[in-house]
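Asker: The following file, target25.tsv, comprises TSV, C-alpha atoms:
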chain	number	residue	atom	x	y	z
A	1264	MET	CA	5.25	-15.27	-75.70
A	1265	LEU	CA	8.29	-17.42	-74.94
A	1266	ALA	CA	10.37	-14.33	-74.22
A	1267	GLU	CA	7.67	-13.00	-71.89
A	1268	GLU	CA	7.53	-16.30	-69.92
A	1269	LEU	CA	11.31	-16.31	-69.59
A	1270	TRP	CA	11.20	-12.73	-68.35
A	1271	LEU	CA	8.54	-13.59	-65.70
A	1272	GLU	CA	10.58	-16.57	-64.46
A	1273	GLY	CA	13.62	-14.33	-64.19
A	1274	GLU	CA	11.62	-11.80	-62.18
A	1275	LYS	CA	10.44	-14.52	-59.76
A	1276	SER	CA	13.98	-15.85	-59.21
A	1277	CYS	CA	15.25	-12.30	-58.58
A	1278	ALA	CA	12.46	-11.75	-56.04
A	1279	VAL	CA	13.47	-14.93	-54.17
A	1280	VAL	CA	17.11	-13.84	-54.11
A	1281	HIS	CA	16.20	-10.36	-52.88
A	1282	LYS	CA	13.93	-11.83	-50.19
A	1283	SER	CA	16.68	-14.11	-48.88
A	1284	LYS	CA	19.13	-11.20	-48.90
A	1285	ARG	CA	16.66	-9.09	-46.95
A	1286	GLY	CA	16.29	-11.90	-44.41
A	1287	ARG	CA	20.09	-12.15	-43.99
A	1288	LYS	CA	20.49	-8.41	-43.72
A	1289	ARG	CA	17.75	-8.07	-41.13
A	1290	GLN	CA	19.97	-9.66	-38.47
A	1291	GLU	CA	22.93	-7.52	-39.51
A	1292	LEU	CA	20.94	-4.27	-39.40
A	1293	LEU	CA	19.45	-5.10	-36.01
A	1294	ALA	CA	22.88	-6.00	-34.64
A	1295	VAL	CA	24.35	-2.71	-35.91
A	1296	ALA	CA	21.46	-0.73	-34.42
A	1297	LEU	CA	22.03	-2.35	-31.02
A	1298	GLY	CA	25.82	-2.13	-31.25
A	1299	VAL	CA	26.27	-5.91	-31.22
A	1300	LYS	CA	28.59	-7.97	-33.44
A	1301	VAL	CA	27.05	-11.14	-34.90
A	1302	GLY	CA	29.62	-13.58	-36.22
A	1303	VAL	CA	29.51	-17.21	-37.29
A	1304	LYS	CA	27.24	-18.11	-34.37
A	1305	GLY	CA	24.78	-15.38	-35.34
A	1306	ALA	CA	21.92	-17.86	-35.76
A	1307	LEU	CA	22.24	-18.91	-32.12
A	1308	LEU	CA	22.25	-15.29	-30.95
A	1309	TRP	CA	19.34	-14.21	-33.12
A	1310	GLN	CA	16.49	-15.25	-30.78
A	1311	PRO	CA	17.77	-13.46	-27.62
A	1312	LEU	CA	18.88	-10.52	-29.79
A	1313	LYS	CA	15.38	-10.27	-31.28
A	1314	LEU	CA	13.81	-10.46	-27.80
A	1315	PHE	CA	16.07	-7.66	-26.55
A	1316	ALA	CA	15.22	-5.49	-29.55
A	1317	TYR	CA	11.48	-6.10	-29.25
A	1318	SER	CA	11.62	-5.34	-25.52
A	1319	GLN	CA	13.39	-2.03	-26.19
A	1320	ILE	CA	10.91	-1.05	-28.91
A	1321	SER	CA	7.89	-2.06	-26.81
A	1322	SER	CA	9.31	-0.22	-23.83
A	1323	LEU	CA	9.86	2.93	-25.90
A	1324	VAL	CA	6.29	2.81	-27.20
A	1325	ARG	CA	4.88	2.22	-23.71
A	1326	ARG	CA	7.06	4.95	-22.18
A	1327	ALA	CA	6.06	7.38	-24.93
A	1328	ALA	CA	2.40	6.71	-24.17
A	1329	LEU	CA	3.01	7.30	-20.47
A	1330	THR	CA	4.95	10.54	-20.94
A	1331	GLN	CA	3.23	12.18	-23.90
A	1332	ASN	CA	2.39	15.02	-21.52
A	1333	ASP	CA	4.67	15.80	-18.59
A	1334	ASN	CA	1.79	17.17	-16.52
A	1335	HIS	CA	-0.86	14.56	-17.30
A	1336	PHE	CA	-0.64	10.78	-17.21
A	1337	ASN	CA	-3.29	9.56	-19.61
A	1338	TYR	CA	-3.91	6.06	-18.25
A	1339	GLU	CA	-7.04	4.30	-19.51
A	1340	LYS	CA	-9.56	3.51	-16.77
A	1341	ALA	CA	-12.99	1.89	-16.88
A	1342	HIS	CA	-15.87	3.50	-14.98
A	1343	ASN	CA	-16.95	1.96	-11.68
A	1344	PHE	CA	-20.71	2.01	-12.23
A	1345	LYS	CA	-23.16	1.19	-9.44
A	1346	VAL	CA	-26.97	1.22	-9.48
A	1347	HIS	CA	-28.25	4.56	-8.16
A	1348	THR	CA	-31.59	6.12	-7.22
A	1349	PHE	CA	-31.73	9.76	-8.31
A	1350	ARG	CA	-33.80	12.42	-6.56
A	1351	GLY	CA	-35.56	14.68	-9.00
A	1352	PRO	CA	-35.28	14.61	-12.82
A	1353	HIS	CA	-32.00	13.35	-14.28
A	1354	TRP	CA	-30.76	12.91	-17.83
A	1355	CYS	CA	-28.31	10.32	-19.12
A	1356	GLU	CA	-24.90	11.92	-19.75
A	1357	TYR	CA	-24.25	9.48	-22.60
A	1358	CYS	CA	-27.43	9.53	-24.72
A	1359	ALA	CA	-28.93	12.76	-23.27
A	1360	ASN	CA	-32.34	11.09	-22.76
A	1361	PHE	CA	-34.43	11.28	-19.59
A	1362	MET	CA	-33.95	8.54	-16.96
A	1363	TRP	CA	-37.44	7.29	-16.11
A	1364	GLY	CA	-38.59	5.63	-12.91
A	1365	LEU	CA	-38.92	6.23	-9.20
A	1366	ILE	CA	-36.03	4.07	-7.98
A	1367	ALA	CA	-32.84	2.68	-9.57
A	1368	GLN	CA	-33.29	4.84	-12.67
A	1369	GLY	CA	-29.69	4.41	-13.78
A	1370	VAL	CA	-26.09	3.93	-12.67
A	1371	ARG	CA	-23.46	6.33	-11.34
A	1372	CYS	CA	-19.67	5.99	-11.48
A	1373	SER	CA	-18.48	6.00	-7.87
A	1374	ASP	CA	-15.09	7.37	-8.96
A	1375	CYS	CA	-16.01	10.30	-11.24
A	1376	GLY	CA	-19.78	10.72	-10.74
A	1377	LEU	CA	-20.88	10.06	-14.34
A	1378	ASN	CA	-24.65	9.34	-14.53
A	1379	VAL	CA	-25.99	7.13	-17.35
A	1380	HIS	CA	-28.66	4.56	-18.15
A	1381	LYS	CA	-27.73	1.01	-17.20
A	1382	GLN	CA	-28.01	0.07	-20.89
A	1383	CYS	CA	-25.81	3.01	-21.93
A	1384	SER	CA	-23.09	2.04	-19.44
A	1385	LYS	CA	-22.07	-0.80	-21.77
A	1386	TYR	CA	-21.08	1.70	-24.46
A	1387	VAL	CA	-19.34	4.36	-22.35
A	1388	PRO	CA	-15.59	4.46	-23.23
A	1389	ASN	CA	-12.90	3.77	-20.61
A	1390	ASP	CA	-12.27	7.46	-19.97
A	1391	CYS	CA	-13.01	7.75	-16.26
A	1392	GLN	CA	-11.21	10.68	-14.61
A	1393	PRO	CA	-11.66	10.08	-10.86
A	1394	ASP	CA	-12.64	13.04	-8.70
A	1395	LEU	CA	-10.17	13.50	-5.85
A	1396	LYS	CA	-13.06	14.37	-3.52
A	1397	ARG	CA	-14.47	10.87	-4.01
A	1398	ILE	CA	-11.18	9.11	-3.16
A	1399	LYS	CA	-11.35	8.68	0.60
A	1400	ARG	CA	-8.07	6.82	1.14
A	1401	VAL	CA	-4.76	5.76	-0.40
A	1402	TYR	CA	-4.46	2.17	0.83
A	1403	CYS	CA	-7.03	-0.36	-0.46
A	1404	CYS	CA	-7.77	1.94	-3.42
A	1405	ASP	CA	-7.57	0.67	-7.01
A	1406	LEU	CA	-4.10	1.49	-8.37
A	1407	THR	CA	-5.21	3.15	-11.63
A	1408	THR	CA	-7.96	5.09	-9.81
A	1409	LEU	CA	-5.43	6.46	-7.33
A	1410	VAL	CA	-2.86	7.63	-9.87
A	1411	LYS	CA	-5.49	9.23	-12.12
A	1412	ALA	CA	-7.13	11.02	-9.18
A	1413	HIS	CA	-3.80	12.43	-8.02
A	1414	ASN	CA	-2.43	12.85	-11.57
A	1415	THR	CA	0.77	10.98	-10.77
A	1416	GLN	CA	2.77	8.44	-12.73
A	1417	ARG	CA	2.82	5.93	-9.87
A	1418	PRO	CA	1.12	5.63	-6.46
A	1419	MET	CA	2.58	8.17	-4.02
A	1420	VAL	CA	3.18	5.41	-1.46
A	1421	VAL	CA	5.50	3.61	-3.88
A	1422	ASP	CA	7.48	6.74	-4.76
A	1423	SER	CA	7.79	8.00	-1.18
A	1424	CYS	CA	8.72	4.67	0.42
A	1425	ILE	CA	11.24	3.70	-2.26
A	1426	ARG	CA	12.82	7.17	-2.09
A	1427	GLU	CA	13.21	6.84	1.69
A	1428	ILE	CA	14.56	3.28	1.53
A	1429	GLU	CA	17.12	4.13	-1.14
A	1430	ALA	CA	18.24	7.17	0.85
A	1431	ARG	CA	19.01	5.31	4.08
A	1432	GLY	CA	18.18	1.62	3.96
A	1433	LEU	CA	19.74	-0.25	1.03
A	1434	LYS	CA	22.44	-1.77	3.25
A	1435	SER	CA	20.04	-2.72	6.04
A	1436	GLU	CA	20.40	-6.42	6.85
A	1437	GLY	CA	17.33	-8.44	5.83
A	1438	LEU	CA	15.67	-5.52	4.04
A	1439	TYR	CA	12.05	-6.49	3.16
A	1440	ARG	CA	12.52	-9.83	4.96
A	1441	VAL	CA	12.72	-8.44	8.51
A	1442	SER	CA	9.37	-7.12	9.71
A	1443	GLY	CA	8.84	-3.77	11.40
A	1444	PHE	CA	6.45	-3.20	14.31
A	1445	THR	CA	2.87	-3.69	13.10
A	1446	GLU	CA	1.60	-0.69	15.09
A	1447	HIS	CA	4.13	1.63	13.43
A	1448	ILE	CA	3.36	0.24	9.97
A	1449	GLU	CA	-0.33	0.98	10.61
A	1450	ASP	CA	0.68	4.53	11.63
A	1451	VAL	CA	2.41	5.00	8.26
A	1452	LYS	CA	-0.68	3.67	6.50
A	1453	MET	CA	-2.93	6.12	8.34
A	1454	ALA	CA	-0.49	8.97	7.59
A	1455	PHE	CA	-0.73	8.31	3.84
A	1456	ASP	CA	-4.52	7.95	4.01
A	1457	ARG	CA	-4.75	11.23	5.92
A	1458	ASP	CA	-1.97	13.40	4.40
A	1459	GLY	CA	-1.29	11.82	0.99
A	1460	ASP	CA	2.09	12.74	-0.47
A	1461	LYS	CA	2.72	15.08	2.49
A	1462	ALA	CA	2.96	12.14	4.92
A	1463	ASP	CA	6.12	12.36	7.04
A	1464	ILE	CA	8.03	9.05	6.88
A	1465	SER	CA	11.47	10.52	7.58
A	1466	ALA	CA	14.06	9.02	9.94
A	1467	ASN	CA	12.96	11.48	12.63
A	1468	MET	CA	9.49	9.90	12.69
A	1469	TYR	CA	10.44	6.28	11.89
A	1470	PRO	CA	14.12	5.48	12.53
A	1471	ASP	CA	13.61	1.78	11.71
A	1472	ILE	CA	13.70	1.43	7.90
A	1473	ASN	CA	11.87	-1.91	8.20
A	1474	ILE	CA	8.72	0.04	9.11
A	1475	ILE	CA	8.85	1.88	5.76
A	1476	ALA	CA	9.58	-1.38	3.91
A	1477	GLY	CA	6.66	-3.01	5.72
A	1478	ALA	CA	4.34	-0.13	4.78
A	1479	LEU	CA	5.29	-0.56	1.12
A	1480	LYS	CA	4.59	-4.30	1.20
A	1481	LEU	CA	1.30	-3.66	3.00
A	1482	TYR	CA	0.24	-1.24	0.25
A	1483	PHE	CA	0.77	-3.92	-2.40
A	1484	ARG	CA	-1.06	-6.56	-0.33
A	1485	ASP	CA	-4.04	-4.25	0.24
A	1486	LEU	CA	-4.61	-3.51	-3.47
A	1487	PRO	CA	-8.06	-4.76	-4.56
A	1488	ILE	CA	-6.44	-5.75	-7.89
A	1489	PRO	CA	-2.79	-6.85	-7.47
A	1490	VAL	CA	0.03	-5.20	-9.41
A	1491	ILE	CA	0.19	-8.39	-11.49
A	1492	THR	CA	-3.53	-8.46	-12.23
A	1493	TYR	CA	-5.93	-11.37	-11.90
A	1494	ASP	CA	-6.42	-11.34	-15.69
A	1495	THR	CA	-2.72	-12.00	-16.33
A	1496	TYR	CA	-2.02	-14.26	-13.34
A	1497	SER	CA	-2.47	-17.62	-15.10
A	1498	LYS	CA	-0.46	-16.42	-18.11
A	1499	PHE	CA	2.49	-15.51	-15.86
A	1500	ILE	CA	2.29	-18.89	-14.10
A	1501	ASP	CA	2.22	-20.69	-17.47
A	1502	ALA	CA	5.24	-18.66	-18.62
A	1503	ALA	CA	7.15	-19.58	-15.44
A	1504	LYS	CA	6.59	-23.28	-16.18
A	1505	ILE	CA	8.45	-23.09	-19.54
A	1506	SER	CA	11.75	-24.94	-19.19
A	1507	ASN	CA	13.71	-23.17	-21.94
A	1508	PRO	CA	15.14	-19.93	-20.41
A	1509	ASP	CA	14.97	-17.87	-23.63
A	1510	GLU	CA	11.41	-18.94	-24.44
A	1511	ARG	CA	10.38	-18.36	-20.83
A	1512	LEU	CA	11.83	-14.83	-20.89
A	1513	GLU	CA	10.05	-14.05	-24.15
A	1514	ALA	CA	6.74	-15.40	-22.80
A	1515	ILE	CA	7.04	-13.27	-19.63
A	1516	HIS	CA	7.76	-10.21	-21.76
A	1517	GLU	CA	4.65	-10.82	-23.86
A	1518	VAL	CA	2.46	-11.10	-20.75
A	1519	LEU	CA	3.97	-7.92	-19.28
A	1520	MET	CA	2.59	-6.03	-22.28
A	1521	LEU	CA	-0.94	-7.11	-21.24
A	1522	LEU	CA	-0.76	-5.27	-17.90
A	1523	PRO	CA	-2.67	-1.98	-17.53
A	1524	ALA	CA	-0.34	0.97	-18.08
A	1525	ALA	CA	-0.34	2.13	-14.44
A	1526	HIS	CA	0.36	-1.42	-13.21
A	1527	TYR	CA	3.17	-1.84	-15.75
A	1528	GLU	CA	4.82	1.44	-14.73
A	1529	THR	CA	4.56	0.63	-11.01
A	1530	LEU	CA	6.02	-2.85	-11.54
A	1531	ARG	CA	8.84	-1.45	-13.70
A	1532	TYR	CA	9.78	1.12	-11.07
A	1533	LEU	CA	9.69	-1.46	-8.27
A	1534	MET	CA	11.89	-3.92	-10.19
A	1535	ILE	CA	14.49	-1.19	-10.84
A	1536	HIS	CA	14.51	-0.51	-7.09
A	1537	LEU	CA	14.78	-4.20	-6.15
A	1538	LYS	CA	17.69	-4.57	-8.59
A	1539	LYS	CA	19.45	-1.81	-6.60
A	1540	VAL	CA	18.75	-3.77	-3.41
A	1541	THR	CA	20.50	-6.84	-4.85
A	1542	LEU	CA	23.59	-4.74	-5.65
A	1543	HIS	CA	24.11	-4.44	-1.86
A	1544	GLU	CA	23.68	-8.17	-1.25
A	1545	LYS	CA	26.93	-8.38	0.76
A	1546	GLU	CA	25.49	-6.00	3.35
A	1547	ASN	CA	21.74	-6.76	3.28
A	1548	PHE	CA	21.92	-10.49	2.36
A	1549	MET	CA	19.00	-10.05	-0.05
A	1550	ASN	CA	19.49	-11.48	-3.55
A	1551	ALA	CA	16.91	-11.77	-6.33
A	1552	GLU	CA	15.74	-15.18	-5.12
A	1553	ASN	CA	15.17	-13.97	-1.55
A	1554	LEU	CA	13.28	-10.92	-2.80
A	1555	GLY	CA	11.23	-13.21	-5.04
A	1556	ILE	CA	10.17	-15.21	-1.98
A	1557	VAL	CA	9.09	-12.00	-0.23
A	1558	PHE	CA	7.39	-10.21	-3.13
A	1559	GLY	CA	5.97	-13.17	-5.09
A	1560	PRO	CA	2.76	-13.56	-3.04
A	1561	THR	CA	2.65	-9.77	-2.49
A	1562	LEU	CA	2.57	-8.75	-6.16
A	1563	MET	CA	0.47	-11.61	-7.57
A	1564	ARG	CA	-2.47	-13.55	-6.19
A	1565	PRO	CA	-4.66	-16.22	-7.84
A	1566	PRO	CA	-8.13	-15.02	-8.92
A	1567	GLU	CA	-9.86	-17.70	-6.88
A	1568	ASP	CA	-9.34	-17.61	-3.11
A	1569	SER	CA	-7.91	-21.11	-2.87
A	1570	THR	CA	-5.26	-22.06	-0.30
A	1571	LEU	CA	-4.27	-25.11	-2.35
A	1572	ALA	CA	-3.79	-23.06	-5.54
A	1573	THR	CA	-1.72	-20.51	-3.63
A	1574	LEU	CA	0.56	-23.19	-2.17
A	1575	ASN	CA	1.00	-24.88	-5.57
A	1576	ASP	CA	1.88	-21.60	-7.28
A	1577	MET	CA	4.25	-20.18	-4.65
A	1578	ARG	CA	7.43	-21.41	-6.34
A	1579	TYR	CA	6.30	-19.97	-9.68
A	1580	GLN	CA	5.38	-16.66	-8.04
A	1581	LYS	CA	8.88	-16.52	-6.56
A	1582	LEU	CA	10.43	-17.42	-9.91
A	1583	ILE	CA	8.49	-14.73	-11.81
A	1584	VAL	CA	9.62	-11.94	-9.47
A	1585	GLN	CA	13.18	-13.29	-9.44
A	1586	ILE	CA	13.29	-13.25	-13.27
A	1587	LEU	CA	11.78	-9.74	-13.38
A	1588	ILE	CA	14.49	-8.47	-11.03
A	1589	GLU	CA	17.38	-10.19	-12.76
A	1590	ASN	CA	16.24	-9.13	-16.25
A	1591	GLU	CA	14.59	-5.75	-15.56
A	1592	ASP	CA	16.87	-4.01	-18.09
A	1593	VAL	CA	15.66	-6.35	-20.85
A	1594	LEU	CA	12.03	-6.93	-19.90
A	1595	PHE	CA	11.02	-3.30	-19.26
Show me, as structure tokens, the structure contained in the file I just sent.

Answerer:
Amino acid sequence: MLAEELWLEGEKSCAVVHKSKRGRKRQELLAVALGVKVGVKGALLWQPLKLFAYSQISSLVRRAALTQNDNHFNYEKAHNFKVHTFRGPHWCEYCANFMWGLIAQGVRCSDCGLNVHKQCSKYVPNDCQPDLKRIKRVYCCDLTTLVKAHNTQRPMVVDSCIREIEARGLKSEGLYRVSGFTEHIEDVKMAFDRDGDKADISANMYPDINIIAGALKLYFRDLPIPVITYDTYSKFIDAAKISNPDERLEAIHEVLMLLPAAHYETLRYLMIHLKKVTLHEKENFMNAENLGIVFGPTLMRPPEDSTLATLNDMRYQKLIVQILIENEDVLF
């Protein structure tokens, strides 16, 4: 019995030693994987190193989910059910039972046309595949609805405008700060609503690049749900209020992971573009802080329509966008 107790104590002490060794080696393995040397000050570098690693892993997982099929972007989308009165007999497409009544027998998804009982609508999975025939416009359309209807990774407006700006406008002084003519911006909006990805926004049609930049900003302002969604707004503002830079960066990264996939991808692509804009700061005079002032209220809006709340949060909105631009390689 004594020998057995001694053996158990020895096993416990060995387990503690092995556990501590594993803890020490975890930093070394992560540093080797990322190609970083961790010396005597390794403990100080561990937190930002861990954040960078987690961001890369999370980004890989998210990107894998977005690109699991090159020809189909499988974003999750809830159905947009509205009460509907059916003419003639109709059956629920969820439970396969008859929908009784003379008026308001059930609900219909205005995006894909799915017909179900009102009670059944609570149990229908978020698998809406919008019908392109039901999408009447590009501007003012829900972001996820638009990309699923057109089977694109990002809204066509974002891709087309950014492509045009990067081709001929990165060195334009006051890019995104200087406004284009409102009438011409409205023309671009109508062109996208009418022609979709075939809209002509070339230099022959619109020589002033500020018109294209204005059309892109207008698209973001017109979204019924902002790129930085109402659900995550307060979490981003709380993260911006954290004084410690490393903790603030980690908090922002955690909230980014809460964004819907289509919103995340659109924000990622925009931040990469805005980082390119800042690389030409000597010519365009637009750094990350200036772009934050422009895009803060454009990309995020408070859930409640309160002027006071908007004014109080403006500096945090600016700071969030500024941090996203400056750290896009780490956060996305």

Asker: Check the smallest atom-to-atom distance from each of A:Asn1343, A:Ser1506, A:Ser1423, A:Thr1573 to Pro1393 (chain A) using only C-alpha atoms, then report the winner.

Answerer: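 The shortest atom-to-atom distance to Pro1393 (chain A) comes from A:Asn1343.
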
Asker: CA of His1380 (chain A) and CA of Leu1409 (chain A) are how many Å apart?

Answerer: 25.7 Å

Asker: Can you pull out the residues contacting Lys1434 (chain A)? Cut-off 7 Å, using only C-alpha atoms, and skip same-chain residues under 5 positions away; I want them as an mmCIF file with C-alpha atoms, in the frame of the given file.

Answerer:
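And here is the file that came out, result-v1.cif:
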data_model
loop_
_atom_site.group_PDB
_atom_site.id
_atom_site.type_symbol
_atom_site.label_atom_id
_atom_site.label_comp_id
_atom_site.auth_asym_id
_atom_site.auth_seq_id
_atom_site.Cartn_x
_atom_site.Cartn_y
_atom_site.Cartn_z
ATOM 1 C CA HIS A 1543 24.110 -4.440 -1.860
ATOM 2 C CA GLU A 1546 25.490 -6.000 3.350
ATOM 3 C CA ASN A 1547 21.740 -6.760 3.280
#

Asker: Might you pull out every residue within 12 Å of Pro1566 (chain A), with only C-alpha atoms counted and same-chain residues fewer than 3 positions away left off, and present them as a PyMOL selection string?

Answerer: chain A and resi 1487-1489+1491-1497+1563+1569-1570+1572-1573

Asker: Here is a test: counting all atoms listed in the file, which residue of A:Tyr1338, A:Tyr1469, A:Tyr1439, A:Tyr1386 is nearest to Gly1555 (chain A)?

Answerer: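 Among A:Tyr1338, A:Tyr1469, A:Tyr1439, A:Tyr1386, it is A:Tyr1439 that comes nearest to Gly1555 (chain A).
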
Asker: Please, what distance in Å, to one decimal, runs between CA of Ile1474 (chain A) and CA of Ser1442 (chain A)?

Answerer: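 Separating CA of Ile1474 (chain A) from CA of Ser1442 (chain A) is a distance of 7.2 Å.
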
Asker: With only C-alpha atoms as the counted atoms, please give the residues lying no more than 10 Å from Gly1443 (chain A), apart from itself and same-chain residues fewer than 3 positions off, as number ranges by chain.

Answerer: A: 1439-1440, 1446-1448, 1471-1478

Asker: Given the choices A:Leu1574, A:Leu1562, A:Val1540, A:Leu1519, which gets closest to Ser1435 (chain A) if the distance is worked out from all atoms listed in the file?

Answerer: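 Of all the options, A:Val1540 lies closest to Ser1435 (chain A).
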
Asker: Show me, as a ChimeraX atom specification, the residues that have an atom within 10 Å of Val1420 (chain A) when counting all atoms listed in the file, minus same-chain residues fewer than 6 positions from it.

Answerer: /A:1401-1402,1426,1451-1452,1455-1456,1459-1460,1462,1475,1478-1479,1482-1483

Asker: Would you pick out the contacts of Ser1384 (chain A) at 8 Å or less, using only C-alpha atoms, so that residues sharing its chain but fewer than 4 positions from it are not included, and give the list as a PyMOL selection string?

Answerer: chain A and resi 1344+1370+1379-1380

Asker: Have a look at CA of Glu1510 (chain A) and CA of Ile1586 (chain A) and let me know their distance in Å, one decimal.

Answerer: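 Atom-to-atom, CA of Glu1510 (chain A) to CA of Ile1586 (chain A), that is 12.7 Å.
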
Asker: Which of these residues is nearest to Ile1505 (chain A), using all atoms listed in the file: A:Lys1396, A:Tyr1579, A:Phe1444, A:Glu1436?

Answerer: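 That would be A:Tyr1579, the residue with the smallest distance to Ile1505 (chain A).
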
Asker: Given the choices A:Lys1480, A:Arg1400, A:His1526, A:Cys1372, which gets closest to Val1441 (chain A) if the distance is worked out from only C-alpha atoms?

Answerer: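 Looking only at the distances to Val1441 (chain A), the closest residue turns out to be A:Lys1480.
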
Asker: Could you work out an axis-aligned bounding box for all listed atoms of region 1446-1462 of chain A, with 8 Å added on each of the six sides, and give its centre and edge lengths in Å to one decimal, as lines of an AutoDock Vina configuration file?

Answerer:
center_x = -0.3
center_y = 7.2
center_z = 7.3
size_x = 24.9
size_y = 31.8
size_z = 31.6

Asker: Would you fill the gaps in region 1449-1461 of chain A so it has N, CA, C and O atoms, then print it as a PDB file, keeping the file's coordinate frame?

Answerer:
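What landed in part-v6.pdb:
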ATOM      1  N   GLU A1449       1.040   0.461  10.697  1.00  0.00           N
ATOM      2  CA  GLU A1449      -0.330   0.980  10.610  1.00  0.00           C
ATOM      3  C   GLU A1449      -0.353   2.503  10.723  1.00  0.00           C
ATOM      4  O   GLU A1449      -1.177   3.169  10.096  1.00  0.00           O
ATOM      5  N   ASP A1450       0.575   3.065  11.517  1.00  0.00           N
ATOM      6  CA  ASP A1450       0.680   4.530  11.630  1.00  0.00           C
ATOM      7  C   ASP A1450       1.053   5.144  10.286  1.00  0.00           C
ATOM      8  O   ASP A1450       0.513   6.191   9.904  1.00  0.00           O
ATOM      9  N   VAL A1451       1.996   4.505   9.587  1.00  0.00           N
ATOM     10  CA  VAL A1451       2.410   5.000   8.260  1.00  0.00           C
ATOM     11  C   VAL A1451       1.234   4.932   7.298  1.00  0.00           C
ATOM     12  O   VAL A1451       0.985   5.868   6.525  1.00  0.00           O
ATOM     13  N   LYS A1452       0.499   3.832   7.359  1.00  0.00           N
ATOM     14  CA  LYS A1452      -0.680   3.670   6.500  1.00  0.00           C
ATOM     15  C   LYS A1452      -1.687   4.786   6.746  1.00  0.00           C
ATOM     16  O   LYS A1452      -2.186   5.414   5.792  1.00  0.00           O
ATOM     17  N   MET A1453      -1.966   5.068   8.012  1.00  0.00           N
ATOM     18  CA  MET A1453      -2.930   6.120   8.340  1.00  0.00           C
ATOM     19  C   MET A1453      -2.408   7.494   7.919  1.00  0.00           C
ATOM     20  O   MET A1453      -3.188   8.364   7.506  1.00  0.00           O
ATOM     21  N   ALA A1454      -1.078   7.690   7.996  1.00  0.00           N
ATOM     22  CA  ALA A1454      -0.490   8.970   7.590  1.00  0.00           C
ATOM     23  C   ALA A1454      -0.697   9.205   6.097  1.00  0.00           C
ATOM     24  O   ALA A1454      -1.039  10.320   5.678  1.00  0.00           O
ATOM     25  N   PHE A1455      -0.506   8.172   5.288  1.00  0.00           N
ATOM     26  CA  PHE A1455      -0.730   8.310   3.840  1.00  0.00           C
ATOM     27  C   PHE A1455      -2.210   8.516   3.536  1.00  0.00           C
ATOM     28  O   PHE A1455      -2.567   9.333   2.679  1.00  0.00           O
ATOM     29  N   ASP A1456      -3.087   7.781   4.230  1.00  0.00           N
ATOM     30  CA  ASP A1456      -4.520   7.950   4.010  1.00  0.00           C
ATOM     31  C   ASP A1456      -4.981   9.358   4.389  1.00  0.00           C
ATOM     32  O   ASP A1456      -5.878   9.925   3.750  1.00  0.00           O
ATOM     33  N   ARG A1457      -4.338   9.918   5.418  1.00  0.00           N
ATOM     34  CA  ARG A1457      -4.750  11.230   5.920  1.00  0.00           C
ATOM     35  C   ARG A1457      -4.083  12.389   5.156  1.00  0.00           C
ATOM     36  O   ARG A1457      -4.737  13.357   4.770  1.00  0.00           O
ATOM     37  N   ASP A1458      -2.756  12.272   4.930  1.00  0.00           N
ATOM     38  CA  ASP A1458      -1.970  13.400   4.400  1.00  0.00           C
ATOM     39  C   ASP A1458      -1.516  13.222   2.964  1.00  0.00           C
ATOM     40  O   ASP A1458      -0.943  14.148   2.389  1.00  0.00           O
ATOM     41  N   GLY A1459      -1.715  12.046   2.377  1.00  0.00           N
ATOM     42  CA  GLY A1459      -1.290  11.820   0.990  1.00  0.00           C
ATOM     43  C   GLY A1459       0.210  11.931   0.840  1.00  0.00           C
ATOM     44  O   GLY A1459       0.982  11.406   1.658  1.00  0.00           O
ATOM     45  N   ASP A1460       0.651  12.639  -0.206  1.00  0.00           N
ATOM     46  CA  ASP A1460       2.090  12.740  -0.470  1.00  0.00           C
ATOM     47  C   ASP A1460       2.824  13.630   0.534  1.00  0.00           C
ATOM     48  O   ASP A1460       4.055  13.743   0.486  1.00  0.00           O
ATOM     49  N   LYS A1461       2.093  14.264   1.451  1.00  0.00           N
ATOM     50  CA  LYS A1461       2.720  15.080   2.490  1.00  0.00           C
ATOM     51  C   LYS A1461       2.992  14.283   3.768  1.00  0.00           C
ATOM     52  O   LYS A1461       3.450  14.854   4.775  1.00  0.00           O
TER      53      LYS A1461
END
